file data02.pdb (PDB, C-alpha atoms)
ATOM      1  CA  TRP A   1      87.199  92.813 103.137  1.00  0.00           C
ATOM      2  CA  PRO A   2      89.335  89.761 102.498  1.00  0.00           C
ATOM      3  CA  LEU A   3      87.724  86.344 102.624  1.00  0.00           C
ATOM      4  CA  ALA A   4      90.946  85.149 104.184  1.00  0.00           C
ATOM      5  CA  THR A   5      91.569  82.465 106.792  1.00  0.00           C
ATOM      6  CA  ASN A   6      94.644  80.744 108.169  1.00  0.00           C
ATOM      7  CA  VAL A   7      96.131  78.016 105.949  1.00  0.00           C
ATOM      8  CA  GLN A   8      93.339  78.334 103.418  1.00  0.00           C
ATOM      9  CA  GLN A   9      93.241  75.482 100.936  1.00  0.00           C
ATOM     10  CA  PRO A  10      93.255  76.457  97.230  1.00  0.00           C
ATOM     11  CA  ALA A  11      90.118  74.384  96.598  1.00  0.00           C
ATOM     12  CA  TYR A  12      88.071  76.831  98.673  1.00  0.00           C
ATOM     13  CA  ALA A  13      88.790  79.791  96.392  1.00  0.00           C
ATOM     14  CA  ILE A  14      86.075  79.219  93.806  1.00  0.00           C
ATOM     15  CA  TYR A  15      83.401  78.746  96.478  1.00  0.00           C
ATOM     16  CA  LEU A  16      84.452  81.878  98.351  1.00  0.00           C
ATOM     17  CA  LEU A  17      84.337  83.735  95.049  1.00  0.00           C
ATOM     18  CA  LYS A  18      80.792  82.521  94.405  1.00  0.00           C
ATOM     19  CA  GLU A  19      79.826  83.574  97.941  1.00  0.00           C
ATOM     20  CA  ALA A  20      81.237  87.058  97.464  1.00  0.00           C
ATOM     21  CA  MET A  21      79.605  87.542  94.085  1.00  0.00           C
ATOM     22  CA  LYS A  22      76.165  86.924  95.604  1.00  0.00           C
ATOM     23  CA  ARG A  23      76.347  90.337  97.277  1.00  0.00           C
ATOM     24  CA  GLN A  24      79.104  92.253  95.515  1.00  0.00           C
ATOM     25  CA  ASN A  25      80.042  93.508  92.080  1.00  0.00           C
ATOM     26  CA  PRO A  26      83.760  94.225  92.535  1.00  0.00           C
ATOM     27  CA  GLN A  27      85.915  95.996  89.982  1.00  0.00           C
ATOM     28  CA  THR A  28      88.659  93.464  90.684  1.00  0.00           C
ATOM     29  CA  VAL A  29      88.895  90.193  92.590  1.00  0.00           C
ATOM     30  CA  VAL A  30      92.361  89.389  93.964  1.00  0.00           C
ATOM     31  CA  PHE A  31      93.574  85.826  94.471  1.00  0.00           C
ATOM     32  CA  GLU A  32      96.789  85.179  96.419  1.00  0.00           C
ATOM     33  CA  LEU A  33      98.456  82.003  95.124  1.00  0.00           C
ATOM     34  CA  ARG A  34     101.143  81.157  97.647  1.00  0.00           C
ATOM     35  CA  MET A  35      99.192  78.168  98.967  1.00  0.00           C
ATOM     36  CA  PHE A  36      98.850  76.803  95.424  1.00  0.00           C
ATOM     37  CA  ALA A  37     102.491  75.708  95.621  1.00  0.00           C
ATOM     38  CA  ARG A  38     101.684  73.314  98.474  1.00  0.00           C
ATOM     39  CA  PRO A  39     100.601  69.718  97.762  1.00  0.00           C
ATOM     40  CA  GLN A  40      97.190  68.746  99.090  1.00  0.00           C
ATOM     41  CA  THR A  41      98.790  66.202 101.436  1.00  0.00           C
ATOM     42  CA  SER A  42     100.287  69.078 103.432  1.00  0.00           C
ATOM     43  CA  PHE A  43      96.760  70.239 104.249  1.00  0.00           C
ATOM     44  CA  ASP A  44      95.094  66.835 104.684  1.00  0.00           C
ATOM     45  CA  GLY A  45      97.764  65.491 107.016  1.00  0.00           C
ATOM     46  CA  ALA A  46      97.920  68.491 109.348  1.00  0.00           C
ATOM     47  CA  ASP A  47      96.794  68.184 112.963  1.00  0.00           C
ATOM     48  CA  THR A  48      94.994  71.494 112.482  1.00  0.00           C
ATOM     49  CA  TYR A  49      93.005  70.302 109.450  1.00  0.00           C
ATOM     50  CA  GLU A  50      89.565  70.527 111.027  1.00  0.00           C
ATOM     51  CA  ALA A  51      90.186  73.877 112.707  1.00  0.00           C
ATOM     52  CA  PHE A  52      91.437  75.541 109.540  1.00  0.00           C
ATOM     53  CA  SER A  53      88.704  73.938 107.424  1.00  0.00           C
ATOM     54  CA  ARG A  54      86.009  75.108 109.800  1.00  0.00           C
ATOM     55  CA  ASN A  55      87.357  78.652 109.640  1.00  0.00           C
ATOM     56  CA  VAL A  56      85.891  78.585 106.139  1.00  0.00           C
ATOM     57  CA  THR A  57      82.863  76.302 106.348  1.00  0.00           C
ATOM     58  CA  ASP A  58      81.454  77.587 109.641  1.00  0.00           C
ATOM     59  CA  ASN A  59      81.593  81.181 108.447  1.00  0.00           C
ATOM     60  CA  LEU A  60      79.467  80.674 105.339  1.00  0.00           C
ATOM     61  CA  ARG A  61      75.724  81.139 105.440  1.00  0.00           C
ATOM     62  CA  TYR A  62      73.705  77.989 104.888  1.00  0.00           C
ATOM     63  CA  SER A  63      73.290  77.607 101.143  1.00  0.00           C
ATOM     64  CA  PHE A  64      73.869  75.229  98.259  1.00  0.00           C
ATOM     65  CA  ASN A  65      77.290  76.829  97.832  1.00  0.00           C
ATOM     66  CA  ARG A  66      78.270  75.950 101.390  1.00  0.00           C
ATOM     67  CA  TYR A  67      76.936  72.416 100.908  1.00  0.00           C
ATOM     68  CA  SER A  68      78.961  72.065  97.692  1.00  0.00           C
ATOM     69  CA  LEU A  69      82.151  73.329  99.314  1.00  0.00           C
ATOM     70  CA  ILE A  70      81.872  70.799 102.118  1.00  0.00           C
ATOM     71  CA  LYS A  71      80.890  67.926  99.832  1.00  0.00           C
ATOM     72  CA  ASN A  72      83.650  68.576  97.295  1.00  0.00           C
ATOM     73  CA  THR A  73      86.593  69.704  99.418  1.00  0.00           C
ATOM     74  CA  ILE A  74      86.500  68.121 102.889  1.00  0.00           C
ATOM     75  CA  LYS A  75      88.625  64.996 102.854  1.00  0.00           C
ATOM     76  CA  PRO A  76      86.699  61.688 102.694  1.00  0.00           C
ATOM     77  CA  SER A  77      87.921  60.467 106.084  1.00  0.00           C
ATOM     78  CA  GLU A  78      86.000  63.257 107.838  1.00  0.00           C
ATOM     79  CA  ASP A  79      82.398  62.912 108.983  1.00  0.00           C
ATOM     80  CA  LEU A  80      80.637  65.572 106.916  1.00  0.00           C
ATOM     81  CA  THR A  81      77.464  65.816 108.992  1.00  0.00           C
ATOM     82  CA  PRO A  82      78.923  68.135 111.680  1.00  0.00           C
ATOM     83  CA  TYR A  83      80.256  70.342 108.851  1.00  0.00           C
ATOM     84  CA  TYR A  84      76.805  70.591 107.277  1.00  0.00           C
ATOM     85  CA  PHE A  85      75.151  71.229 110.650  1.00  0.00           C
ATOM     86  CA  ASP A  86      77.777  72.855 112.845  1.00  0.00           C
ATOM     87  CA  ILE A  87      75.424  73.007 115.827  1.00  0.00           C
ATOM     88  CA  ILE A  88      76.243  69.310 116.273  1.00  0.00           C
ATOM     89  CA  LYS A  89      79.792  70.302 117.180  1.00  0.00           C
ATOM     90  CA  TYR A  90      79.035  73.481 119.118  1.00  0.00           C
ATOM     91  CA  HIS A  91      75.732  72.809 120.883  1.00  0.00           C
ATOM     92  CA  SER A  92      77.432  72.200 124.237  1.00  0.00           C
ATOM     93  CA  LEU A  93      78.923  75.707 124.204  1.00  0.00           C
ATOM     94  CA  TRP A  94      75.584  77.472 124.701  1.00  0.00           C
ATOM     95  CA  LYS A  95      76.402  78.402 128.326  1.00  0.00           C
ATOM     96  CA  ASN A  96      79.365  80.440 127.132  1.00  0.00           C
ATOM     97  CA  VAL A  97      77.489  82.509 124.554  1.00  0.00           C
ATOM     98  CA  SER A  98      77.486  86.209 125.410  1.00  0.00           C
ATOM     99  CA  LYS A  99      75.383  89.008 123.973  1.00  0.00           C
ATOM    100  CA  SER A 100      78.169  90.075 121.632  1.00  0.00           C
ATOM    101  CA  ASN A 101      78.461  86.556 120.186  1.00  0.00           C
ATOM    102  CA  TRP A 102      75.069  86.844 118.503  1.00  0.00           C
ATOM    103  CA  GLY A 103      76.637  89.201 115.982  1.00  0.00           C
ATOM    104  CA  TYR A 104      78.614  86.284 114.619  1.00  0.00           C
ATOM    105  CA  VAL A 105      75.488  84.146 114.314  1.00  0.00           C
ATOM    106  CA  ARG A 106      73.676  86.866 112.338  1.00  0.00           C
ATOM    107  CA  PHE A 107      76.778  87.810 110.304  1.00  0.00           C
ATOM    108  CA  SER A 108      76.320  91.387 111.516  1.00  0.00           C
ATOM    109  CA  LYS A 109      79.349  91.825 113.788  1.00  0.00           C
ATOM    110  CA  ARG A 110      81.833  94.181 112.145  1.00  0.00           C
ATOM    111  CA  ASP A 111      85.617  94.115 112.356  1.00  0.00           C
ATOM    112  CA  GLU A 112      86.995  97.598 112.968  1.00  0.00           C
ATOM    113  CA  ASN A 113      90.185  96.639 111.109  1.00  0.00           C
ATOM    114  CA  SER A 114      88.352  95.353 108.007  1.00  0.00           C
ATOM    115  CA  GLY A 115      89.949  91.928 108.279  1.00  0.00           C
ATOM    116  CA  GLN A 116      93.504  93.092 108.933  1.00  0.00           C
ATOM    117  CA  LEU A 117      95.226  91.518 111.935  1.00  0.00           C
ATOM    118  CA  ILE A 118      97.417  94.244 113.385  1.00  0.00           C
ATOM    119  CA  ARG A 119     100.936  93.009 114.125  1.00  0.00           C
ATOM    120  CA  ASP A 120     103.528  95.425 115.465  1.00  0.00           C
ATOM    121  CA  LYS A 121     106.232  92.849 116.182  1.00  0.00           C
ATOM    122  CA  VAL A 122     109.443  93.383 114.202  1.00  0.00           C
ATOM    123  CA  ILE A 123     112.003  90.749 113.236  1.00  0.00           C
ATOM    124  CA  ASP A 124     115.220  91.551 111.384  1.00  0.00           C
ATOM    125  CA  LEU A 125     115.346  89.387 108.250  1.00  0.00           C
ATOM    126  CA  SER A 126     117.885  91.470 106.373  1.00  0.00           C
ATOM    127  CA  ASN A 127     120.413  88.608 106.357  1.00  0.00           C
ATOM    128  CA  VAL A 128     118.073  85.758 105.409  1.00  0.00           C
ATOM    129  CA  TRP A 129     116.049  86.932 102.412  1.00  0.00           C
ATOM    130  CA  HIS A 130     116.948  85.814  98.889  1.00  0.00           C
ATOM    131  CA  ASP A 131     116.756  87.555  95.540  1.00  0.00           C
ATOM    132  CA  TYR A 132     115.381  85.069  93.013  1.00  0.00           C
ATOM    133  CA  SER A 133     114.637  87.623  90.297  1.00  0.00           C
ATOM    134  CA  ASP A 134     117.199  85.982  88.010  1.00  0.00           C
ATOM    135  CA  ILE A 135     115.379  82.638  88.016  1.00  0.00           C
ATOM    136  CA  THR A 136     113.490  82.185  84.768  1.00  0.00           C
ATOM    137  CA  GLU A 137     113.043  78.406  84.793  1.00  0.00           C
ATOM    138  CA  SER A 138     109.730  76.790  85.671  1.00  0.00           C
ATOM    139  CA  SER A 139     108.803  73.753  87.722  1.00  0.00           C
ATOM    140  CA  PRO A 140     105.326  72.220  87.702  1.00  0.00           C
ATOM    141  CA  MET A 141     103.070  73.092  90.594  1.00  0.00           C
ATOM    142  CA  PRO A 142     101.335  70.222  92.443  1.00  0.00           C
ATOM    143  CA  PRO A 143      98.988  68.695  89.834  1.00  0.00           C
ATOM    144  CA  GLU A 144      95.955  68.742  92.117  1.00  0.00           C
ATOM    145  CA  GLN A 145      96.448  72.483  92.702  1.00  0.00           C
ATOM    146  CA  GLU A 146      96.962  73.111  88.996  1.00  0.00           C
ATOM    147  CA  GLU A 147      93.557  71.562  88.390  1.00  0.00           C
ATOM    148  CA  VAL A 148      92.080  73.855  91.034  1.00  0.00           C
ATOM    149  CA  LEU A 149      93.755  76.897  89.478  1.00  0.00           C
ATOM    150  CA  ARG A 150      92.540  76.064  85.984  1.00  0.00           C
ATOM    151  CA  ASN A 151      88.977  75.508  87.229  1.00  0.00           C
ATOM    152  CA  LEU A 152      89.113  78.876  88.964  1.00  0.00           C
ATOM    153  CA  LEU A 153      90.422  80.575  85.825  1.00  0.00           C
ATOM    154  CA  ASP A 154      87.784  78.859  83.682  1.00  0.00           C
ATOM    155  CA  TYR A 155      85.066  80.117  86.019  1.00  0.00           C
ATOM    156  CA  CYS A 156      86.419  83.679  86.023  1.00  0.00           C
ATOM    157  CA  ARG A 157      86.586  83.685  82.239  1.00  0.00           C
ATOM    158  CA  GLU A 158      83.130  82.157  81.843  1.00  0.00           C
ATOM    159  CA  LYS A 159      81.560  84.689  84.232  1.00  0.00           C
ATOM    160  CA  ARG A 160      83.728  87.562  82.943  1.00  0.00           C
ATOM    161  CA  ILE A 161      85.042  88.263  86.413  1.00  0.00           C
ATOM    162  CA  PRO A 162      87.946  90.770  86.438  1.00  0.00           C
ATOM    163  CA  ALA A 163      90.666  89.067  88.466  1.00  0.00           C
ATOM    164  CA  LEU A 164      94.218  89.702  89.571  1.00  0.00           C
ATOM    165  CA  PHE A 165      96.484  86.865  90.710  1.00  0.00           C
ATOM    166  CA  THR A 166      99.310  87.650  93.132  1.00  0.00           C
ATOM    167  CA  VAL A 167     102.046  86.175  95.261  1.00  0.00           C
ATOM    168  CA  ASN A 168     102.417  88.452  98.254  1.00  0.00           C
ATOM    169  CA  PRO A 169     105.830  89.363  99.726  1.00  0.00           C
ATOM    170  CA  TYR A 170     107.558  86.974 102.109  1.00  0.00           C
ATOM    171  CA  THR A 171     111.124  85.920 102.857  1.00  0.00           C
ATOM    172  CA  ASP A 172     110.854  82.138 103.307  1.00  0.00           C
ATOM    173  CA  ILE A 173     110.500  81.645  99.556  1.00  0.00           C
ATOM    174  CA  GLN A 174     112.713  78.885  98.133  1.00  0.00           C
ATOM    175  CA  GLU A 175     114.277  78.574  94.687  1.00  0.00           C
ATOM    176  CA  GLU A 176     112.028  75.657  93.745  1.00  0.00           C
ATOM    177  CA  THR A 177     108.965  77.588  94.865  1.00  0.00           C
ATOM    178  CA  GLN A 178     109.977  80.544  92.707  1.00  0.00           C
ATOM    179  CA  LYS A 179     110.098  78.179  89.732  1.00  0.00           C
ATOM    180  CA  GLN A 180     106.561  77.037  90.573  1.00  0.00           C
ATOM    181  CA  PHE A 181     105.404  80.656  90.647  1.00  0.00           C
ATOM    182  CA  ASN A 182     106.904  81.085  87.178  1.00  0.00           C
ATOM    183  CA  TYR A 183     104.860  78.068  86.099  1.00  0.00           C
ATOM    184  CA  MET A 184     101.678  79.628  87.540  1.00  0.00           C
ATOM    185  CA  LYS A 185     102.443  82.909  85.816  1.00  0.00           C
ATOM    186  CA  ALA A 186     102.571  81.187  82.438  1.00  0.00           C
ATOM    187  CA  ILE A 187      99.180  79.578  83.018  1.00  0.00           C
ATOM    188  CA  VAL A 188      97.503  82.732  84.320  1.00  0.00           C
ATOM    189  CA  GLU A 189      98.965  85.240  81.847  1.00  0.00           C
ATOM    190  CA  GLU A 190      99.811  83.329  78.684  1.00  0.00           C
ATOM    191  CA  GLU A 191      97.002  80.781  78.634  1.00  0.00           C
ATOM    192  CA  TYR A 192      94.163  82.754  80.217  1.00  0.00           C
ATOM    193  CA  GLY A 193      95.183  86.392  79.752  1.00  0.00           C
ATOM    194  CA  TYR A 194      94.800  87.432  83.383  1.00  0.00           C
ATOM    195  CA  PRO A 195      97.403  89.597  85.158  1.00  0.00           C
ATOM    196  CA  PHE A 196      99.802  87.899  87.567  1.00  0.00           C
ATOM    197  CA  ILE A 197     102.138  89.771  89.927  1.00  0.00           C
ATOM    198  CA  ASN A 198     104.805  88.073  92.017  1.00  0.00           C
ATOM    199  CA  PHE A 199     105.635  90.803  94.506  1.00  0.00           C
ATOM    200  CA  ASN A 200     108.767  88.957  95.564  1.00  0.00           C
ATOM    201  CA  LEU A 201     110.274  90.303  92.355  1.00  0.00           C
ATOM    202  CA  LEU A 202     109.335  93.889  93.274  1.00  0.00           C
ATOM    203  CA  TYR A 203     111.052  94.408  96.629  1.00  0.00           C
ATOM    204  CA  ASP A 204     112.649  97.674  95.461  1.00  0.00           C
ATOM    205  CA  GLU A 205     109.415  99.085  94.057  1.00  0.00           C
ATOM    206  CA  LEU A 206     107.647  98.227  97.315  1.00  0.00           C
ATOM    207  CA  ASP A 207     110.494  99.862  99.267  1.00  0.00           C
ATOM    208  CA  ILE A 208     110.652  96.828 101.535  1.00  0.00           C
ATOM    209  CA  ASP A 209     112.966  97.084 104.511  1.00  0.00           C
ATOM    210  CA  PHE A 210     113.780  93.532 105.580  1.00  0.00           C
ATOM    211  CA  ALA A 211     114.907  94.777 108.973  1.00  0.00           C
ATOM    212  CA  ARG A 212     111.558  96.419 109.781  1.00  0.00           C
ATOM    213  CA  ASP A 213     108.682  95.192 107.609  1.00  0.00           C
ATOM    214  CA  PHE A 214     108.104  91.576 108.749  1.00  0.00           C
ATOM    215  CA  TYR A 215     107.132  89.860 111.984  1.00  0.00           C
ATOM    216  CA  ASN A 216     108.181  86.428 110.707  1.00  0.00           C
ATOM    217  CA  GLY A 217     109.382  84.872 107.482  1.00  0.00           C
ATOM    218  CA  VAL A 218     105.928  84.577 105.925  1.00  0.00           C
ATOM    219  CA  HIS A 219     104.000  87.582 107.255  1.00  0.00           C
ATOM    220  CA  MET A 220     104.436  91.329 107.046  1.00  0.00           C
ATOM    221  CA  ASN A 221     103.919  93.432 110.141  1.00  0.00           C
ATOM    222  CA  THR A 222     102.067  96.741 110.186  1.00  0.00           C
ATOM    223  CA  ASN A 223     105.015  98.587 108.612  1.00  0.00           C
ATOM    224  CA  GLY A 224     105.104  96.249 105.637  1.00  0.00           C
ATOM    225  CA  ALA A 225     101.343  95.870 105.380  1.00  0.00           C
ATOM    226  CA  VAL A 226     100.860  99.621 104.962  1.00  0.00           C
ATOM    227  CA  LYS A 227     103.462  99.753 102.164  1.00  0.00           C
ATOM    228  CA  PHE A 228     102.100  96.708 100.392  1.00  0.00           C
ATOM    229  CA  THR A 229      98.447  97.727 100.715  1.00  0.00           C
ATOM    230  CA  ARG A 230      99.102 101.174  99.264  1.00  0.00           C
ATOM    231  CA  TYR A 231     101.059  99.717  96.342  1.00  0.00           C
ATOM    232  CA  LEU A 232      98.484  97.005  95.618  1.00  0.00           C
ATOM    233  CA  ALA A 233      95.575  99.451  95.843  1.00  0.00           C
ATOM    234  CA  ALA A 234      97.264 101.845  93.426  1.00  0.00           C
TER     235      ALA A 234
END
call {"tool": "encode", "arguments": {"input": "data02.pdb", "output": "structure tokens"}}
result
Amino acid sequence: WPLATNVQQPAYAIYLLKEAMKRQNPQTVVFELRMFARPQTSFDGADTYEAFSRNVTDNLRYSFNRYSLIKNTIKPSEDLTPYYFDIIKYHSLWKNVSKSNWGYVRFSKRDENSGQLIRDKVIDLSNVWHDYSDITESSPMPPEQEEVLRNLLDYCREKRIPALFTVNPYTDIQEETQKQFNYMKAIVEEEYGYPFINFNLLYDELDIDFARDFYNGVHMNTNGAVKFTRYLAA
């Protein structure tokens, strides 16, 4: 299952990897790098910062890894204590806890869709997508995210973790962002020897239909997700 959450900060990746490797021995670990093109200020300044951060921190078992994630990634202006002990934030909700909620507490509640959010909405983007396959130039990624990426790559290499780095299909990609993905590709492939696939250069191979396969400019719907999942799995 994907350890995926909304607007997930790049800095969380290495800690989620360590969490997964406690209980799994995967043949391949896949990292999606779209968020690595965003400067850290875009996360820290968002009104939804706490909500999206807690999607990660609150869903990790208590451990040194969780403590380290909170200590090293939550912005300094936040009070860390309610992140370490989330009951401080949620204790007043006890009256609303139902029998089914205990599955979340024990990490035993299963998702019948294995982490996939089913979206059947369709939006026609056939007139707004761009083909940037001819762009070969590179532009530096945000320096703070480059540091995060290199630390992640160093860890994967040190621990001999088989990893694949991807940029998943979307239509809101900009020319400058494509140049940043080229920059990431050089780091991942040429410097570290890991595979990197920008699927926005493989629209034909994926058989993407821009009139049917997306529900907005940055997310595939069920039509597109089935195509992409089959291709990625193969």
call {"tool": "residues_near_point", "arguments": {"input": "data02.pdb", "point": "(87.5, 94.4, 88.0)", "cutoff": "10 Å", "atoms": "all atoms listed in the file", "output": "list of chain:residue names"}}
result
A:Asn25, A:Pro26, A:Gln27, A:Thr28, A:Val29, A:Val30, A:Arg160, A:Ile161, A:Pro162, A:Ala163, A:Leu164
call {"tool": "atom_distance", "arguments": {"input": "data02.pdb", "atom1": "atom CA of A:Trp1", "atom2": "atom CA of A:Ile87"}}
result
26.3 Å
call {"tool": "resolve_selection", "arguments": {"input": "data02.pdb", "expression": "the PyMOL selection byres ((chain A and resi 39-41) around 10)", "output": "PyMOL selection string"}}
result
chain A and resi 9-11+35-38+42-46+141-145
call {"tool": "atom_distance", "arguments": {"input": "data02.pdb", "atom1": "atom CA of A:Phe199", "atom2": "atom CA of A:Tyr170"}}
result
8.7 Å
call {"tool": "residues_around", "arguments": {"input": "data02.pdb", "residues": "A:Asn168", "least_positions_apart": "6", "cutoff": "9 Å", "atoms": "all atoms listed in the file", "output": "PyMOL selection string"}}
result
chain A and resi 32-34+197-200+228
call {"tool": "resolve_selection", "arguments": {"input": "data02.pdb", "expression": "the PyMOL selection byres ((chain A and resi 127-131) around 12)", "output": "PyMOL selection string"}}
result
chain A and resi 123-126+132-135+169-175+178+199-204+208-211+214+216-218
call {"tool": "resolve_selection", "arguments": {"input": "data02.pdb", "expression": "the PyMOL selection byres ((chain A and resi 12-15) around 8)", "output": "JSON, numbers by chain"}}
result
{"A": [8, 9, 10, 11, 16, 17, 18, 19, 31, 56, 65, 66, 69, 73, 152, 155]}
call {"tool": "closest_residue", "arguments": {"input": "data02.pdb", "among": "A:Pro2, A:Pro140, A:Gly224, A:Pro195", "to": "A:Asn182", "atoms": "all atoms listed in the file"}}
result
A:Pro140
call {"tool": "axis_aligned_box", "arguments": {"input": "data02.pdb", "around": "stretch 194-213 of chain A", "padding_each_side": "6 Å", "output": "JSON"}}
result
{"center_x": 104.9, "center_y": 93.6, "center_z": 96.6, "size_x": 32.1, "size_y": 24.4, "size_z": 38.4}
call {"tool": "residues_around", "arguments": {"input": "data02.pdb", "residues": "A:Asn59", "least_positions_apart": "6", "cutoff": "12 Å", "atoms": "only C-alpha atoms", "output": "VMD selection string"}}
result
chain A and resid 3 to 5 16 19 52 to 53 66 83 to 84 86 104 to 108
call {"tool": "closest_residue", "arguments": {"input": "data02.pdb", "among": "A:Cys156, A:Leu206, A:Ile118, A:Val97", "to": "A:Leu232", "atoms": "only C-alpha atoms"}}
result
A:Leu206
call {"tool": "residues_around", "arguments": {"input": "data02.pdb", "residues": "A:Asn221", "least_positions_apart": "5", "cutoff": "7 Å", "atoms": "all atoms listed in the file", "output": "MDAnalysis selection string"}}
result
chainID A and resid 119:122 213:215
call {"tool": "atom_distance", "arguments": {"input": "data02.pdb", "atom1": "atom CA of A:Ala233", "atom2": "atom CA of A:Lys159"}}
result
23.4 Å
call {"tool": "decode", "arguments": {"input": "data02.pdb", "residues": "stretch 52-87 of chain A", "atoms": "C-alpha atoms", "output": "JSON list (two decimals), in the first residue's frame"}}
result
[["chain", "number", "residue", "atom", "x", "y", "z"],
["A", 52, "PHE", "CA", -1.33, 17.79, 6.24],
["A", 53, "SER", "CA", 1.58, 17.31, 8.65],
["A", 54, "ARG", "CA", -0.59, 15.38, 11.07],
["A", 55, "ASN", "CA", -1.74, 13.10, 8.26],
["A", 56, "VAL", "CA", 1.79, 11.73, 8.50],
["A", 57, "THR", "CA", 2.78, 12.10, 12.15],
["A", 58, "ASP", "CA", -0.49, 10.91, 13.70],
["A", 59, "ASN", "CA", -0.50, 7.77, 11.59],
["A", 60, "LEU", "CA", 2.90, 6.50, 12.70],
["A", 61, "ARG", "CA", 3.25, 4.18, 15.66],
["A", 62, "TYR", "CA", 5.06, 5.65, 18.64],
["A", 63, "SER", "CA", 8.76, 5.05, 18.07],
["A", 64, "PHE", "CA", 12.11, 6.79, 17.83],
["A", 65, "ASN", "CA", 11.48, 7.16, 14.10],
["A", 66, "ARG", "CA", 8.26, 9.07, 14.72],
["A", 67, "TYR", "CA", 10.01, 11.23, 17.32],
["A", 68, "SER", "CA", 12.82, 11.97, 14.84],
["A", 69, "LEU", "CA", 10.41, 12.89, 12.06],
["A", 70, "ILE", "CA", 8.60, 15.37, 14.27],
["A", 71, "LYS", "CA", 11.79, 16.83, 15.75],
["A", 72, "ASN", "CA", 13.53, 17.25, 12.39],
["A", 73, "THR", "CA", 10.73, 18.24, 10.02],
["A", 74, "ILE", "CA", 7.98, 20.16, 11.84],
["A", 75, "LYS", "CA", 8.65, 23.86, 11.48],
["A", 76, "PRO", "CA", 10.12, 25.58, 14.57],
["A", 77, "SER", "CA", 7.13, 27.87, 15.09],
["A", 78, "GLU", "CA", 4.92, 24.88, 15.94],
["A", 79, "ASP", "CA", 4.52, 23.51, 19.45],
["A", 80, "LEU", "CA", 5.91, 19.98, 19.11],
["A", 81, "THR", "CA", 4.39, 18.52, 22.26],
["A", 82, "PRO", "CA", 0.92, 17.85, 20.76],
["A", 83, "TYR", "CA", 2.68, 16.18, 17.80],
["A", 84, "TYR", "CA", 4.62, 13.88, 20.13],
["A", 85, "PHE", "CA", 1.52, 13.12, 22.21],
["A", 86, "ASP", "CA", -1.45, 13.54, 19.90],
["A", 87, "ILE", "CA", -3.93, 12.75, 22.67]]
